[in-house]
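Notes to accompany the following structure.
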Amino acid sequence: MLRALLFQASFARSLASLTKLKSLYIGLLLSDAYILEEHVIHSDENKGGKGILNSFSSCAACGVFKEETRRREQLISLALSKALPSLTHIQWDTLFAPFENTGLDTGEDGSCSSYDRNPFQIPSAIAFLVHRHVDTGEVKVLLNRL
Ligand SMILES: [Zn+2]
């Protein structure tokens, strides 16, 4: 998490002179880099599955990383929102689609497997709207459906 905070502080300093900046898109992933390698290793492509493009959002093995990734995305968005008072919208690239974009296949044997409706949308995007309370100045970031 320390790296994430250093990252946020560096971005906030770099962007501080943009006092009218309202919308920010950062095409970075806030997941740990090893997640990509792990996903390729446990991909079902060699077993006749849909492969690595059956992406992270529907991958049960990678699901354990989703919560930490989302926490980083939200925490850094909030910190940037506090540091950049004109900001109203922040968007990131993400390995984990913020809203379900999956369906279920049912095999002849009754087994079920999930798949991405749009597996070529890797990475996905996640966006937060910045809400500033007029009286208290409290800042919140809310997940926004794209
Ligand atoms: Zn995976």
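Starting from 1 in every chain, residues are counted up; chains themselves are A, B, ... following the order of the structure tokens, and ligands are numbered from 1 as listed.
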Dump the neighbourhood of ligand 1 as a ChimeraX atom specification: all residues within 9 Å, distances computed on only C-alpha atoms and all ligand atoms. /A:35-43,52,54-63
query = Which residues, written as a list in words, have at least one atom at most 12 Å from Val139 of chain A, with only C-alpha atoms counted and residues fewer than 3 positions away on the same chain left out?
reply = Leu75, Ser77, Leu78, Ala79, Leu80, Ser81, Lys82, Ala83, Leu84, Pro85, Ser86, Leu87, Thr88, Leu129, Val130, His131, Arg132, His133, Val134, Asp135, Thr136 and Leu142 of chain A
field: Residue contacts of Glu68 of chain A (12 Å, only C-alpha atoms) excluding same-chain residues fewer than 6 positions away, as a PyMOL selection string
entry: chain A and resi 1+4+30-32+35+62+74-75+94-96
Store the residues picked out above in a file with C-alpha atoms, as a PDB file, in the first residue's frame.
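Ended up saving to result.pdb:
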```pdb
ATOM      1  CA  MET A   1       0.000   0.000   0.000  1.00  0.00           C
ATOM      2  CA  ALA A   4       0.093   3.237  -3.875  1.00  0.00           C
ATOM      3  CA  LEU A  30      -3.448  -0.643  -9.862  1.00  0.00           C
ATOM      4  CA  SER A  31      -3.245  -4.416  -9.537  1.00  0.00           C
ATOM      5  CA  ASP A  32       0.035  -6.086  -8.687  1.00  0.00           C
ATOM      6  CA  ILE A  35      -1.539 -11.116 -11.243  1.00  0.00           C
ATOM      7  CA  CYS A  62      -8.133 -14.190  -9.887  1.00  0.00           C
ATOM      8  CA  GLN A  74     -10.998   3.862  -4.602  1.00  0.00           C
ATOM      9  CA  LEU A  75      -8.392   4.977  -2.064  1.00  0.00           C
ATOM     10  CA  THR A  94      -8.653  -2.041 -14.414  1.00  0.00           C
ATOM     11  CA  LEU A  95      -8.385  -5.803 -14.744  1.00  0.00           C
ATOM     12  CA  PHE A  96     -11.686  -6.224 -12.918  1.00  0.00           C
TER      13      PHE A  96
END
```
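Taking atom CA of Gln91 of chain A and atom CA of Ser23 of chain A as the two end points, the separation is 8.1 Å.
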Students should find that atom CA of Lys140 of chain A and atom CA of Trp92 of chain A are spaced 16.7 Å
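The gap separating atom CA of Thr69 of chain A from atom CA of Lys20 of chain A is 28.5 Å, in Å to one decimal.
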Could you pull the residues within 12 Å of Leu2 of chain A, counting only C-alpha atoms, minus those fewer than 2 positions along the same chain, as a list of chain:residue names?
A:Ala4, A:Leu5, A:Leu6, A:Phe7, A:Gln8, A:Ala9, A:Arg72, A:Leu75, A:Ile76
